[in-house]
Structure formats: structure tokens, C-alpha cells
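A.B. asks: Handing over protein-v8.cif, mmCIF, C-alpha atoms.
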data_query
#
loop_
_atom_site.label_atom_id
_atom_site.label_comp_id
_atom_site.auth_asym_id
_atom_site.auth_seq_id
_atom_site.Cartn_x
_atom_site.Cartn_y
_atom_site.Cartn_z
CA MET V 1 29.04 -8.43 5.93
CA GLN V 2 25.98 -10.41 4.79
CA PRO V 3 23.31 -8.48 2.81
CA PHE V 4 20.65 -9.50 5.35
CA THR V 5 22.61 -7.66 8.05
CA TRP V 6 22.36 -4.42 6.07
CA LEU V 7 18.64 -5.00 5.62
CA ALA V 8 18.31 -5.62 9.37
CA ARG V 9 20.01 -2.32 10.19
CA THR V 10 17.87 -0.50 7.66
CA HIS V 11 14.71 -1.99 9.12
CA LEU V 12 15.71 -1.12 12.68
CA LEU V 13 16.08 2.56 11.81
CA SER V 14 12.92 2.56 9.69
CA ALA V 15 10.90 1.15 12.59
CA ALA V 16 12.37 3.74 14.96
CA GLY V 17 11.39 6.56 12.60
CA ASP V 18 7.85 5.23 12.20
CA ALA V 19 7.49 4.97 15.98
CA LEU V 20 8.59 8.58 16.40
CA ILE V 21 6.01 9.79 13.88
CA ALA V 22 3.32 7.74 15.66
CA ILE V 23 4.27 9.31 19.00
CA ALA V 24 4.13 12.82 17.54
CA LEU V 25 0.73 12.26 15.91
CA ALA V 26 -0.71 10.56 19.00
CA GLY V 27 0.29 13.52 21.12
CA SER V 28 -1.43 16.00 18.82
CA LEU V 29 -4.51 14.01 17.75
CA PHE V 30 -5.57 12.07 20.83
CA PHE V 31 -4.06 12.53 24.24
CA ASN V 32 -4.18 16.33 24.36
CA LEU V 33 -7.95 16.37 23.73
CA ASP V 34 -10.99 15.16 25.64
CA PRO V 35 -12.77 12.11 24.12
CA ALA V 36 -15.51 14.17 22.46
CA ALA V 37 -12.98 16.43 20.72
CA ALA V 38 -10.57 13.60 19.89
CA ARG V 39 -13.18 11.44 18.17
CA PRO V 40 -13.80 13.62 15.05
CA LYS V 41 -10.08 14.35 14.61
CA VAL V 42 -9.18 10.67 14.84
CA ALA V 43 -12.00 9.80 12.42
CA LEU V 44 -10.75 12.45 9.97
CA TYR V 45 -7.22 11.09 10.22
CA LEU V 46 -8.46 7.56 9.49
CA LEU V 47 -10.52 8.72 6.51
CA VAL V 48 -7.63 10.73 5.07
CA THR V 49 -5.33 7.70 5.30
CA MET V 50 -7.92 5.45 3.67
CA ALA V 51 -9.53 7.43 0.84
CA PRO V 52 -6.58 8.13 -1.51
CA PHE V 53 -4.76 4.89 -0.69
CA ALA V 54 -7.03 2.91 -2.99
CA VAL V 55 -5.72 5.06 -5.87
CA VAL V 56 -2.04 5.25 -4.90
CA GLY V 57 -1.67 1.70 -3.60
CA PRO V 58 -1.87 -0.13 -6.97
CA LEU V 59 0.96 2.04 -8.30
CA ILE V 60 3.41 0.97 -5.59
CA GLY V 61 3.87 -2.65 -6.71
CA PRO V 62 4.82 -2.00 -10.37
CA LEU V 63 7.00 0.88 -9.21
CA VAL V 64 8.88 -1.37 -6.81
CA ASP V 65 9.36 -4.07 -9.45
CA ARG V 66 10.44 -1.77 -12.30
CA ALA V 67 12.01 1.32 -10.71
CA ARG V 68 15.53 2.32 -11.70
CA GLY V 69 17.81 1.20 -8.90
CA GLY V 70 15.50 -1.72 -8.14
CA ARG V 71 14.00 -2.47 -4.79
CA ARG V 72 17.07 -1.12 -3.04
CA GLY V 73 16.42 2.24 -4.69
CA MET V 74 12.79 2.21 -3.53
CA ILE V 75 13.91 1.53 0.04
CA ILE V 76 16.30 4.51 -0.10
CA TRP V 77 13.74 6.86 -1.62
CA ALA V 78 11.10 5.78 0.88
CA GLY V 79 13.43 6.85 3.68
CA ILE V 80 14.19 10.21 2.06
CA ALA V 81 10.48 10.87 1.41
CA ARG V 82 9.56 10.19 5.04
CA ALA V 83 12.34 12.47 6.24
CA VAL V 84 11.07 15.34 4.08
CA LEU V 85 7.45 14.78 5.09
CA ALA V 86 8.38 14.67 8.78
CA LEU V 87 10.00 18.10 8.44
CA LEU V 88 6.91 19.42 6.64
CA MET V 89 4.69 18.12 9.45
CA VAL V 90 6.77 20.16 11.90
CA ARG V 91 5.38 23.33 10.29
CA HIS V 92 1.81 22.07 9.91
CA LEU V 93 1.24 20.15 13.14
CA ASP V 94 -1.76 22.35 14.02
CA SER V 95 -3.01 22.71 10.45
CA LEU V 96 -5.18 20.60 8.17
CA LEU V 97 -2.11 20.18 5.95
CA LEU V 98 -0.93 17.69 8.56
CA PHE V 99 -3.36 15.09 7.21
CA PRO V 100 -2.14 14.90 3.58
CA GLU V 101 1.45 14.97 4.85
CA ALA V 102 0.69 12.12 7.24
CA PHE V 103 -0.91 10.27 4.35
CA GLY V 104 2.25 10.77 2.28
CA ALA V 105 4.37 9.40 5.11
CA LEU V 106 2.05 6.41 5.30
CA VAL V 107 2.38 5.75 1.56
CA ALA V 108 6.18 6.04 1.76
CA GLY V 109 6.19 3.66 4.71
CA LYS V 110 4.07 1.14 2.84
CA THR V 111 6.37 1.46 -0.17
CA TYR V 112 9.31 0.62 2.06
CA HIS V 113 7.56 -2.41 3.54
CA VAL V 114 6.56 -3.72 0.10
CA ALA V 115 10.13 -3.38 -1.18
CA LYS V 116 11.54 -4.91 2.00
CA SER V 117 9.21 -7.92 1.82
CA ALA V 118 10.08 -8.46 -1.85
CA VAL V 119 13.82 -8.32 -1.09
CA VAL V 120 13.82 -10.92 1.72
CA PRO V 121 13.53 -14.12 -0.43
CA GLY V 122 16.77 -13.22 -2.22
CA LEU V 123 18.63 -12.96 1.08
CA VAL V 124 17.78 -16.39 2.56
CA ARG V 125 19.11 -19.80 1.65
CA GLU V 126 16.00 -21.98 1.71
CA GLU V 127 12.21 -21.62 1.62
CA ARG V 128 11.83 -22.81 5.22
CA ASP V 129 14.02 -19.91 6.39
CA LEU V 130 11.49 -17.28 5.29
CA VAL V 131 9.50 -17.25 8.53
CA GLU V 132 12.70 -17.02 10.57
CA ALA V 133 14.02 -14.13 8.48
CA ASN V 134 10.70 -12.28 8.72
CA SER V 135 10.67 -13.01 12.45
CA LYS V 136 14.08 -11.41 12.92
CA LEU V 137 12.92 -8.32 11.07
CA MET V 138 9.78 -8.13 13.21
CA LEU V 139 11.88 -8.39 16.38
CA LEU V 140 14.07 -5.59 15.10
CA SER V 141 10.94 -3.59 14.36
CA GLY V 142 9.86 -3.94 17.99
CA LEU V 143 13.37 -3.12 19.16
CA GLY V 144 13.48 -0.02 16.99
CA GLY V 145 10.13 1.14 18.34
CA ALA V 146 11.25 0.51 21.92
CA LEU V 147 14.52 2.39 21.44
CA ALA V 148 12.64 5.33 19.94
CA ALA V 149 9.91 5.39 22.60
CA GLY V 150 12.08 6.85 25.37
CA PRO V 151 13.53 9.82 23.43
CA GLY V 152 10.20 10.31 21.68
CA VAL V 153 8.18 10.56 24.88
CA LEU V 154 10.75 12.88 26.48
CA LEU V 155 10.78 15.19 23.47
CA SER V 156 6.98 15.16 23.29
CA LEU V 157 6.88 16.70 26.77
CA ALA V 158 8.47 19.79 25.21
CA SER V 159 6.76 19.64 21.82
CA SER V 160 5.70 17.04 19.27
CA ARG V 161 7.63 19.07 16.69
CA TRP V 162 10.95 17.98 18.18
CA VAL V 163 9.81 14.34 17.87
CA LEU V 164 9.23 14.88 14.15
CA VAL V 165 12.66 16.46 13.75
CA LEU V 166 14.26 13.41 15.37
CA ALA V 167 12.21 11.17 13.08
CA ALA V 168 13.57 13.01 10.03
CA VAL V 169 17.13 12.48 11.26
CA VAL V 170 16.51 8.75 11.80
CA PHE V 171 15.06 8.32 8.30
CA VAL V 172 18.12 10.00 6.79
CA LEU V 173 20.39 7.66 8.76
CA MET V 174 18.35 4.73 7.46
CA THR V 175 19.47 5.39 3.89
CA PHE V 176 23.15 4.65 4.64
CA PRO V 177 22.85 0.90 5.36
CA ALA V 178 20.20 0.70 2.63
CA ARG V 179 22.84 1.69 0.07
CA ARG V 180 24.72 -1.54 0.86
CA LEU V 181 21.82 -3.75 -0.20
CA PRO V 182 22.16 -5.63 -3.51
CA ARG V 183 20.50 -4.10 -6.57
CA THR V 184 17.51 -6.13 -7.72
CA VAL V 185 15.43 -5.26 -10.78
CA VAL V 186 13.28 -8.33 -11.34
CA ARG V 187 10.93 -7.10 -14.06
CA PRO V 188 12.71 -5.01 -16.73
CA ARG V 189 10.86 -2.33 -18.67
CA SER V 190 11.46 -4.15 -21.95
CA VAL V 191 12.83 -7.56 -22.80
CA PRO V 192 15.19 -7.61 -25.81
CA MET V 193 14.48 -10.17 -28.50
CA PRO V 194 17.07 -12.96 -28.74
CA PRO V 195 19.31 -12.98 -31.81
CA PRO V 196 18.40 -15.40 -34.62
CA GLY V 197 20.00 -18.76 -34.55
CA PRO V 198 19.88 -22.00 -32.58
CA PRO V 199 19.15 -21.72 -28.86
CA LEU V 200 22.15 -21.62 -26.61
CA SER V 201 22.72 -24.47 -24.21
CA PRO V 202 22.58 -23.65 -20.53
CA PRO V 203 25.89 -22.94 -18.85
CA SER V 204 27.60 -25.89 -17.25
CA SER V 205 27.73 -24.08 -13.88
CA SER V 206 23.92 -24.20 -13.52
CA PRO V 207 22.84 -26.81 -10.98
CA PRO V 208 20.64 -29.66 -12.23
CA GLY V 209 16.93 -28.86 -12.07
CA SER V 210 17.47 -25.14 -11.55
CA LEU V 211 14.81 -22.72 -12.83
CA PRO V 212 15.34 -19.43 -14.64
CA PRO V 213 14.66 -16.20 -12.74
CA GLY V 214 10.95 -15.47 -12.39
CA SER V 215 9.87 -19.11 -12.61
CA PRO V 216 7.17 -20.24 -10.17
CA PRO V 217 7.97 -22.75 -7.44
CA PRO V 218 7.51 -26.24 -8.91
CA SER V 219 6.06 -27.94 -5.81
CA ARG V 220 2.34 -27.19 -6.41
CA PRO V 221 0.11 -26.21 -9.35
CA ALA V 222 -0.19 -22.50 -10.07
CA THR V 223 -3.94 -22.46 -9.37
CA THR V 224 -3.41 -24.02 -5.94
CA ARG V 225 -0.64 -21.58 -5.06
CA ARG V 226 -2.71 -18.60 -6.23
CA GLY V 227 -5.73 -19.81 -4.28
CA ALA V 228 -3.64 -20.30 -1.13
CA MET V 229 -2.33 -16.73 -1.40
CA LEU V 230 -5.83 -15.33 -1.86
CA LEU V 231 -7.14 -17.25 1.13
CA ALA V 232 -4.20 -16.15 3.28
CA GLY V 233 -4.75 -12.56 2.13
CA SER V 234 -8.43 -12.74 3.11
CA ALA V 235 -7.58 -14.15 6.53
CA MET V 236 -4.88 -11.52 7.04
CA GLY V 237 -7.36 -8.81 6.03
CA VAL V 238 -9.63 -9.94 8.87
CA VAL V 239 -6.62 -9.83 11.21
CA ARG V 240 -5.86 -6.22 10.21
CA ALA V 241 -9.49 -5.19 10.66
CA MET V 242 -9.57 -6.85 14.09
CA THR V 243 -6.37 -5.13 15.22
CA GLY V 244 -7.55 -1.69 14.11
CA PHE V 245 -10.93 -2.27 15.76
CA THR V 246 -9.34 -3.45 19.03
CA LEU V 247 -6.90 -0.54 19.23
CA PHE V 248 -9.54 2.19 19.04
CA LEU V 249 -12.17 0.25 20.98
CA ILE V 250 -9.87 -0.14 23.99
CA ALA V 251 -8.39 3.35 23.70
CA PHE V 252 -11.73 5.14 23.75
CA TRP V 253 -13.09 2.80 26.41
CA LEU V 254 -10.18 3.68 28.68
CA ARG V 255 -10.73 7.39 28.04
CA THR V 256 -14.43 7.22 28.89
CA ASP V 257 -13.68 5.01 31.91
CA ASP V 258 -11.44 7.78 33.33
CA ALA V 259 -8.43 5.49 33.28
CA ALA V 260 -5.10 6.92 34.37
CA PRO V 261 -2.63 7.69 31.56
CA TRP V 262 -0.43 4.74 32.44
CA TRP V 263 -3.21 2.35 31.43
CA PHE V 264 -2.61 3.39 27.84
CA GLY V 265 1.01 2.46 28.36
CA PHE V 266 -0.07 -0.91 29.78
CA MET V 267 -2.25 -1.49 26.71
CA PHE V 268 0.55 -0.76 24.25
CA THR V 269 2.99 -2.78 26.35
CA ALA V 270 0.64 -5.78 26.37
CA SER V 271 0.26 -5.54 22.59
CA ALA V 272 4.05 -5.27 22.19
CA VAL V 273 4.57 -8.32 24.43
CA GLY V 274 2.15 -10.27 22.26
CA GLN V 275 3.95 -9.22 19.09
CA LEU V 276 7.32 -10.10 20.64
CA THR V 277 6.01 -13.51 21.69
CA GLY V 278 4.71 -14.16 18.19
CA ALA V 279 7.95 -13.07 16.56
CA VAL V 280 10.08 -15.22 18.88
CA GLY V 281 7.84 -18.27 18.74
CA ALA V 282 7.06 -18.24 15.02
CA PRO V 283 10.30 -19.91 13.82
CA TRP V 284 9.94 -22.66 16.45
CA LEU V 285 6.29 -23.23 15.51
CA ARG V 286 7.08 -23.17 11.79
CA ARG V 287 9.45 -26.10 12.20
CA ARG V 288 6.45 -28.14 13.41
CA VAL V 289 3.49 -26.91 11.35
CA ARG V 290 2.97 -25.06 8.09
CA GLU V 291 2.20 -21.35 7.80
CA GLU V 292 -1.47 -22.01 6.99
CA VAL V 293 -1.97 -23.94 10.25
CA LEU V 294 -0.28 -21.18 12.24
CA LEU V 295 -2.50 -18.50 10.73
CA ALA V 296 -5.70 -20.43 11.37
CA SER V 297 -4.64 -21.29 14.93
CA ALA V 298 -3.88 -17.64 15.72
CA LEU V 299 -7.32 -16.58 14.49
CA LEU V 300 -8.98 -19.28 16.57
CA LEU V 301 -7.07 -18.20 19.69
CA ALA V 302 -8.16 -14.58 19.19
CA ALA V 303 -11.80 -15.66 18.84
CA VAL V 304 -11.67 -17.81 22.00
CA VAL V 305 -10.08 -15.03 24.08
CA SER V 306 -12.61 -12.50 22.76
CA PHE V 307 -15.51 -14.66 23.89
CA TYR V 308 -13.82 -15.03 27.27
CA VAL V 309 -13.49 -11.26 27.67
CA VAL V 310 -17.23 -10.90 26.96
CA THR V 311 -17.90 -12.78 30.22
CA ALA V 312 -15.63 -10.49 32.29
CA PRO V 313 -14.95 -7.15 30.55
CA ASP V 314 -12.58 -5.52 33.01
CA ARG V 315 -9.23 -3.79 32.54
CA PHE V 316 -7.17 -6.90 33.22
CA SER V 317 -9.03 -9.01 30.67
CA VAL V 318 -8.76 -6.14 28.17
CA LEU V 319 -4.98 -6.18 28.59
CA VAL V 320 -5.01 -9.92 27.91
CA LEU V 321 -7.04 -9.24 24.76
CA ALA V 322 -4.55 -6.58 23.64
CA MET V 323 -1.70 -9.06 24.13
CA VAL V 324 -3.48 -11.78 22.16
CA MET V 325 -4.27 -9.36 19.34
CA GLY V 326 -0.59 -8.41 19.24
CA LEU V 327 0.27 -12.10 19.01
CA LEU V 328 -2.30 -12.56 16.23
CA SER V 329 -0.94 -9.57 14.33
CA ALA V 330 2.64 -10.87 14.51
CA LEU V 331 1.90 -14.47 13.58
CA GLY V 332 -0.51 -13.44 10.86
CA LYS V 333 1.96 -11.07 9.22
CA LEU V 334 4.84 -13.54 9.40
CA CYS V 335 2.76 -16.37 7.94
CA PHE V 336 1.24 -14.26 5.18
CA ASP V 337 4.60 -12.81 4.12
CA ALA V 338 6.14 -16.27 4.02
CA ILE V 339 3.24 -17.66 1.95
CA VAL V 340 3.59 -14.91 -0.67
CA GLN V 341 7.39 -15.13 -0.66
CA ARG V 342 7.09 -18.90 -1.08
CA ASP V 343 4.36 -19.15 -3.70
CA GLU V 344 4.60 -15.97 -5.80
CA VAL V 345 6.99 -15.72 -8.74
CA PRO V 346 9.87 -13.29 -8.02
CA ALA V 347 8.87 -10.92 -10.83
CA ASP V 348 5.47 -10.26 -9.25
CA ARG V 349 6.26 -10.17 -5.55
CA GLY V 350 6.36 -6.38 -5.35
CA ARG V 351 2.97 -5.85 -6.94
CA THR V 352 1.44 -8.73 -4.98
CA PHE V 353 2.60 -7.33 -1.66
CA ALA V 354 1.45 -3.85 -2.68
CA ARG V 355 -2.00 -5.07 -3.69
CA PHE V 356 -2.55 -6.94 -0.45
CA GLU V 357 -1.03 -4.23 1.75
CA THR V 358 -3.43 -1.71 0.21
CA ARG V 359 -6.35 -3.93 1.13
CA PHE V 360 -4.96 -4.49 4.61
CA GLN V 361 -4.60 -0.74 5.19
CA LEU V 362 -8.18 -0.11 4.08
CA LEU V 363 -9.48 -2.89 6.33
CA TRP V 364 -7.44 -1.60 9.29
CA VAL V 365 -9.01 1.82 8.82
CA VAL V 366 -12.51 0.38 8.43
CA GLY V 367 -12.00 -1.64 11.61
CA GLY V 368 -10.79 1.45 13.47
CA LEU V 369 -13.69 3.58 12.24
CA VAL V 370 -16.35 1.28 13.73
CA PRO V 371 -15.67 2.18 17.41
CA VAL V 372 -14.65 5.76 16.52
CA ALA V 373 -17.83 6.55 14.55
CA ALA V 374 -20.32 4.57 16.66
CA PRO V 375 -23.81 6.16 16.40
CA SER V 376 -24.20 6.46 20.17
CA GLY V 377 -20.75 8.00 20.54
CA ILE V 378 -19.29 5.04 22.42
CA LEU V 379 -19.41 1.39 21.35
CA PRO V 380 -19.99 -0.72 24.48
CA LEU V 381 -16.96 -2.82 25.30
CA ARG V 382 -18.93 -6.05 25.66
CA ALA V 383 -20.64 -5.58 22.28
CA GLY V 384 -17.36 -4.69 20.60
CA VAL V 385 -15.52 -7.72 21.94
CA MET V 386 -18.43 -9.95 20.91
CA LEU V 387 -18.04 -8.65 17.35
CA LEU V 388 -14.33 -9.51 17.53
CA GLY V 389 -15.06 -13.07 18.57
CA ILE V 390 -17.63 -13.59 15.83
CA ALA V 391 -15.30 -12.14 13.18
CA GLY V 392 -12.43 -14.37 14.28
CA LEU V 393 -14.59 -17.50 14.36
CA VAL V 394 -16.07 -16.85 10.90
CA ALA V 395 -12.59 -16.17 9.51
CA VAL V 396 -11.28 -19.48 10.88
CA VAL V 397 -14.16 -21.47 9.39
CA LEU V 398 -13.85 -19.83 5.95
CA TYR V 399 -10.06 -20.11 5.88
CA ALA V 400 -9.93 -23.75 6.97
CA GLY V 401 -12.81 -24.62 4.65
CA GLY V 402 -11.08 -22.86 1.77
CA LEU V 403 -7.84 -24.79 2.31
CA TRP V 404 -9.81 -28.05 2.48
CA ALA V 405 -11.61 -27.21 -0.77
CA LEU V 406 -8.39 -26.22 -2.57
CA ALA V 407 -6.70 -29.47 -1.59
CA ARG V 408 -9.58 -31.32 -3.30
CA GLY V 409 -9.81 -29.10 -6.37
CA ARG V 410 -13.05 -27.42 -5.31
CA ARG V 411 -14.15 -23.80 -4.96
CA PRO V 412 -13.50 -22.26 -1.51
CA PRO V 413 -16.64 -21.41 0.53
CA SER V 414 -15.69 -17.72 0.62
CA GLU V 415 -15.63 -17.62 -3.20
CA ILE V 416 -19.04 -19.30 -3.38
CA ILE V 417 -20.51 -16.83 -0.88
CA ALA V 418 -19.00 -13.85 -2.72
CA THR V 419 -20.42 -15.07 -6.04
CA ARG V 420 -23.89 -15.47 -4.55
CA VAL V 421 -23.75 -12.02 -2.96
CA ARG V 422 -22.71 -10.42 -6.27
CA THR V 423 -25.49 -12.28 -8.08
CA ARG V 424 -28.06 -11.15 -5.53
CA ILE V 425 -26.91 -7.52 -5.79
CA THR V 426 -27.09 -7.67 -9.60
CA GLN V 427 -30.59 -9.13 -9.49
CA THR V 428 -31.74 -6.46 -7.03
CA ARG V 429 -30.41 -3.68 -9.24
CA SER V 430 -32.08 -5.17 -12.31
CA ARG V 431 -35.44 -5.30 -10.51
CA ARG V 432 -35.12 -1.69 -9.43
CA GLN V 433 -34.28 -0.61 -12.97
CA ARG V 434 -37.35 -2.43 -14.34
CA ARG V 435 -39.61 -0.77 -11.76
CA SER V 436 -38.20 2.67 -12.50
#
Starting from the file, lay out its structure as C-alpha cells.
C.D. replies:
Amino acid sequence: MQPFTWLARTHLLSAAGDALIAIALAGSLFFNLDPAAARPKVALYLLVTMAPFAVVGPLIGPLVDRARGGRRGMIIWAGIARAVLALLMVRHLDSLLLFPEAFGALVAGKTYHVAKSAVVPGLVREERDLVEANSKLMLLSGLGGALAAGPGVLLSLASSRWVLVLAAVVFVLMTFPARRLPRTVVRPRSVPMPPPGPPLSPPSSSPPGSLPPGSPPPSRPATTRRGAMLLAGSAMGVVRAMTGFTLFLIAFWLRTDDAAPWWFGFMFTASAVGQLTGAVGAPWLRRRVREEVLLASALLLAAVVSFYVVTAPDRFSVLVLAMVMGLLSALGKLCFDAIVQRDEVPADRGRTFARFETRFQLLWVVGGLVPVAAPSGILPLRAGVMLLGIAGLVAVVLYAGGLWALARGRRPPSEIIATRVRTRITQTRSRRQRRS
């Protein structure tokens, strides 16, 4: 059996376990409370997931690249850790200990995703197959969540604790196909010095023009590749912030609008349909345009639909927005992963994914906190959607302008703006210090 098949089975079970934990937490943090009581608990959950992640996140990448057992070992341990934490959450579902345990499950889940993303390039034949491979994994992620939704909802009618028990079982099962993955340790702890003497000639079995492990792709200069990854990471950060913002904006708007419970199901279904559409269509689109064009086009589509919803903010248009944001999330993730897998050297993929995923998580939380912690208690839907449209439009302009500047050897507009902002902040601080 092909190694990618074992990764696909592992990912299916991992997605099912994550969905079960999400169902259990949603039942205890949101739907069982009125909006006024749910708001502070949801805000606390978001803050708990954000605050320590900035400290733990940078450790994940080097750990994935250097851990004994390689990235396969990190995938296995991430499953075991989530199983243990799910069982601990069973005991502390009504306690404040739930929040650090949920944070631990989040960190373990991110560790898995970093290791999984770093493993994929070694399981495909060509660079152009990266989007298709990531697309298959995303489809399996949606399938795993869908398969877990039925049992999870049924068990939640009895108690969210039973949902967490089932999640623990699924995470344990996930470790069995993970053991069949190939061992990959890309960056050793120490590199032995070569023995003295003349250099050895390369083996005759090496194909002409082949590069040693860890070498960068030869197609573009290193500065251009690094700049393209940074620009894609910035655009994807805006995508994550927009998706977190949209989720909580719509959820609390439906609660305050006295919407029936099935409207929440419609919202999640619309988002899932958008993600499914993006995952299915991404390989077909990739054969026609590059990843950068796909990412920019998805951001532009989200901005246009947001401005449309501003003109008619009703439940139907909100469902369309949820579907488009799901599409944006799927296309953005597939394109960003493929860009990093294409342009980053193998030895640094783990730490690169970890660094960006940490930023994405923080931006998702910041985006979710805006509608949750609105000063007036409720952020008006029209104002919130207008902010979405402006954010998407600005992101498109900066991303496209950055790619244009990189192609001509110039500084991207976002870098120029950031430099000016830092200079202005430094000057302001210096003036205050002189006055004091």
C-alpha cells in the first residue's frame, strides 16, 4: 500500500477526533447558555487558546524536524496526547481546568498538522501534485468531520462527556495507520564531520542534475522564494482572521435574532459546502493558474460577496457569505501549503509551517474576539460585513502589489508600510521620552 494511503487514513481519523472535541466544547460553551452568558465564556476560551500559543508555537517546528522517530513519531504522539487530554476534559468539563486542557489539545492538533504538512512533499511525485495531494487530505478532513457529526450530536444529547470519550478512542485508532508512515528525520541533531581525504564521487545511480537532501528548489532565487512565502503567509493570515471573525459574527447574530437551532446547522453546512467546493475545484484550477493567482482571486471573491451582503443583510445572504468564506478558507490553505512545500527547503519545512500556523491561530482568535468583545455587546451585522469586505480588498491589493514588486526586484508595499509604521512608533516613543 502506498505511504500516502496510510497518511490519508491517519488524517481521516484525526479530523473525526477534532470534530468530536469541537462538538463537545460547543455544547458546553455556547449552545447551552443564553447569549449574554455565552459571550464571556467564549471570550475566555479564545484568550486561553491565544495567550500561551505564542510561547509554545515556536517550539513545535524544531521539535517536528529533529524529534526522535521523525515526523511520523510526532504524528503518533500528537494522537496519543489528544486522546489523553480528551479523557481529562471528561472530568473537568464544568471546571476552569477545561481551558488549559483544551489549549493542550489545540497545541497537539497543530503539531499534527505541522508534521502532516511537512510529510506530504515526500509522498508525491512532482511539484504540481502538491495542491492535489493537499486537496485530497482536505476532502478527507471534511469526510471525517461529517462521519463524526452524527454520533457526536447523538451522544451530546446524553452528555458532552460521552463525545469526549469517543474522541479519545478515535485518536487512539489514528495511531495505527500512522505507524505505517515512513520515518523522516530531515534535520539531524548533529552532523558528523567527513573523514579526511579526497571527496567521494557521487554514486552512479544518482540522476543527472539531482540535488542533495535539503537543497532549495533551483527554479527561482532564494530571496524571491522567501518573499513569496512571506506574502502568501500574510494573505493567509488575513484569511484566518476573516474566517474567525465571520464565524462568531454570524453565530452571535443568529442568537440575538432568535433564530431556530437549525439555522446554526445551515450556517455550518454552508461553510462545509464552500470548503468542499474549494477542495474539489482546487486541483482543476491549479492546472490552469498558479497558487498565487488562486489565493488572490479567492480573497477578491470574499471581498465582493461581503460588499454584496452589506446591501441585503438577511439570513439567506449570510449563508452565502458563510459558504464563500468556507471556499476562501479551503483555497487559501491549499495554496499556502503548496507554496511552502514548493519553495521551502525540506530541512526547514516543519519550523516554517509551525511559525506560520502560530500566527494564523493568533489571527483567527483576534478575528473571533472582535464580534465577541464588541463594546456595545453586539457588533451590527452590516458593520461587521463591511469590515470583512474592506479587509479582503486591502489584502488583495497588498498581495498582488507585493507579487508585482517581487517580480521586479523591488520591496513589497506591505514591507514599506510596516517599515514606516515602525519608524513612526519609534519616533513617537523618543519624543515622549524627551518630554518626560
A.B. asks: Within 9 Å of range 141-156 of chain V, counting only C-alpha atoms, which residues qualify if same-chain residues fewer than 4 places away don't, as a ChimeraX atom specification?
C.D. replies: /V:11-21,23-24,27,136-137,160-164,166-167,272,275-276
A.B. asks: I need the chosen residues saved as a PDB file, keeping the file's coordinate frame, with C-alpha atoms.
C.D. replies:
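Once written, out_4.pdb looks like this:
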ATOM      1  CA  HIS V  11      14.710  -1.990   9.120  1.00  0.00           C
ATOM      2  CA  LEU V  12      15.710  -1.120  12.680  1.00  0.00           C
ATOM      3  CA  LEU V  13      16.080   2.560  11.810  1.00  0.00           C
ATOM      4  CA  SER V  14      12.920   2.560   9.690  1.00  0.00           C
ATOM      5  CA  ALA V  15      10.900   1.150  12.590  1.00  0.00           C
ATOM      6  CA  ALA V  16      12.370   3.740  14.960  1.00  0.00           C
ATOM      7  CA  GLY V  17      11.390   6.560  12.600  1.00  0.00           C
ATOM      8  CA  ASP V  18       7.850   5.230  12.200  1.00  0.00           C
ATOM      9  CA  ALA V  19       7.490   4.970  15.980  1.00  0.00           C
ATOM     10  CA  LEU V  20       8.590   8.580  16.400  1.00  0.00           C
ATOM     11  CA  ILE V  21       6.010   9.790  13.880  1.00  0.00           C
ATOM     12  CA  ILE V  23       4.270   9.310  19.000  1.00  0.00           C
ATOM     13  CA  ALA V  24       4.130  12.820  17.540  1.00  0.00           C
ATOM     14  CA  GLY V  27       0.290  13.520  21.120  1.00  0.00           C
ATOM     15  CA  LYS V 136      14.080 -11.410  12.920  1.00  0.00           C
ATOM     16  CA  LEU V 137      12.920  -8.320  11.070  1.00  0.00           C
ATOM     17  CA  SER V 160       5.700  17.040  19.270  1.00  0.00           C
ATOM     18  CA  ARG V 161       7.630  19.070  16.690  1.00  0.00           C
ATOM     19  CA  TRP V 162      10.950  17.980  18.180  1.00  0.00           C
ATOM     20  CA  VAL V 163       9.810  14.340  17.870  1.00  0.00           C
ATOM     21  CA  LEU V 164       9.230  14.880  14.150  1.00  0.00           C
ATOM     22  CA  LEU V 166      14.260  13.410  15.370  1.00  0.00           C
ATOM     23  CA  ALA V 167      12.210  11.170  13.080  1.00  0.00           C
ATOM     24  CA  ALA V 272       4.050  -5.270  22.190  1.00  0.00           C
ATOM     25  CA  GLN V 275       3.950  -9.220  19.090  1.00  0.00           C
ATOM     26  CA  LEU V 276       7.320 -10.100  20.640  1.00  0.00           C
TER      27      LEU V 276
END
A.B. asks: Just so the selection is clear, what residues does the PyMOL selection byres ((chain V and resi 74-82) around 6) cover here, as JSON, numbers by chain?
C.D. replies: {"V": [71, 72, 73, 83, 84, 85, 86, 105, 108, 112, 171, 175]}
A.B. asks: Quick one: everything within 8 Å of Asn134 in chain V, counting all atoms listed in the file, minus sequence neighbours fewer than 3 positions away in the same chain. Send it as a PyMOL selection string.
C.D. replies: chain V and resi 120+130-131+137-138+334+337-338
A.B. asks: Separation of CA of Gln341 in chain V and CA of Phe353 in chain V, in Å?
C.D. replies: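 CA of Phe353 in chain V lies at a distance of 9.2 Å from CA of Gln341 in chain V.
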A.B. asks: If you measure from CA of Arg226 in chain V to CA of Val345 in chain V, what distance in Å do you get, rounded to one decimal?
C.D. replies: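 Here the two named atoms are 10.4 Å from each other.
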A.B. asks: Nearest to Arg225 in chain V among V:Gly392, V:Gly409, V:Gly350, V:Pro3, with distances taken over all atoms listed in the file: which residue is it?
C.D. replies: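 Answer, going by the shortest atom-to-atom distance: V:Gly409.
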A.B. asks: Give the answer as one residue: which of V:Ile339, V:Val396, V:Glu132, V:Arg410 has the shortest atom-to-atom distance to Ala303 in chain V, using all atoms listed in the file?
C.D. replies: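 The closest residue to Ala303 in chain V is V:Val396.
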A.B. asks: For a test of reading the model, state the distance in Å between CA of Ile416 in chain V and CA of Ala228 in chain V, rounded to one decimal.
C.D. replies: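 If I compute the distance from CA of Ile416 in chain V to CA of Ala228 in chain V, I get 15.6 Å.
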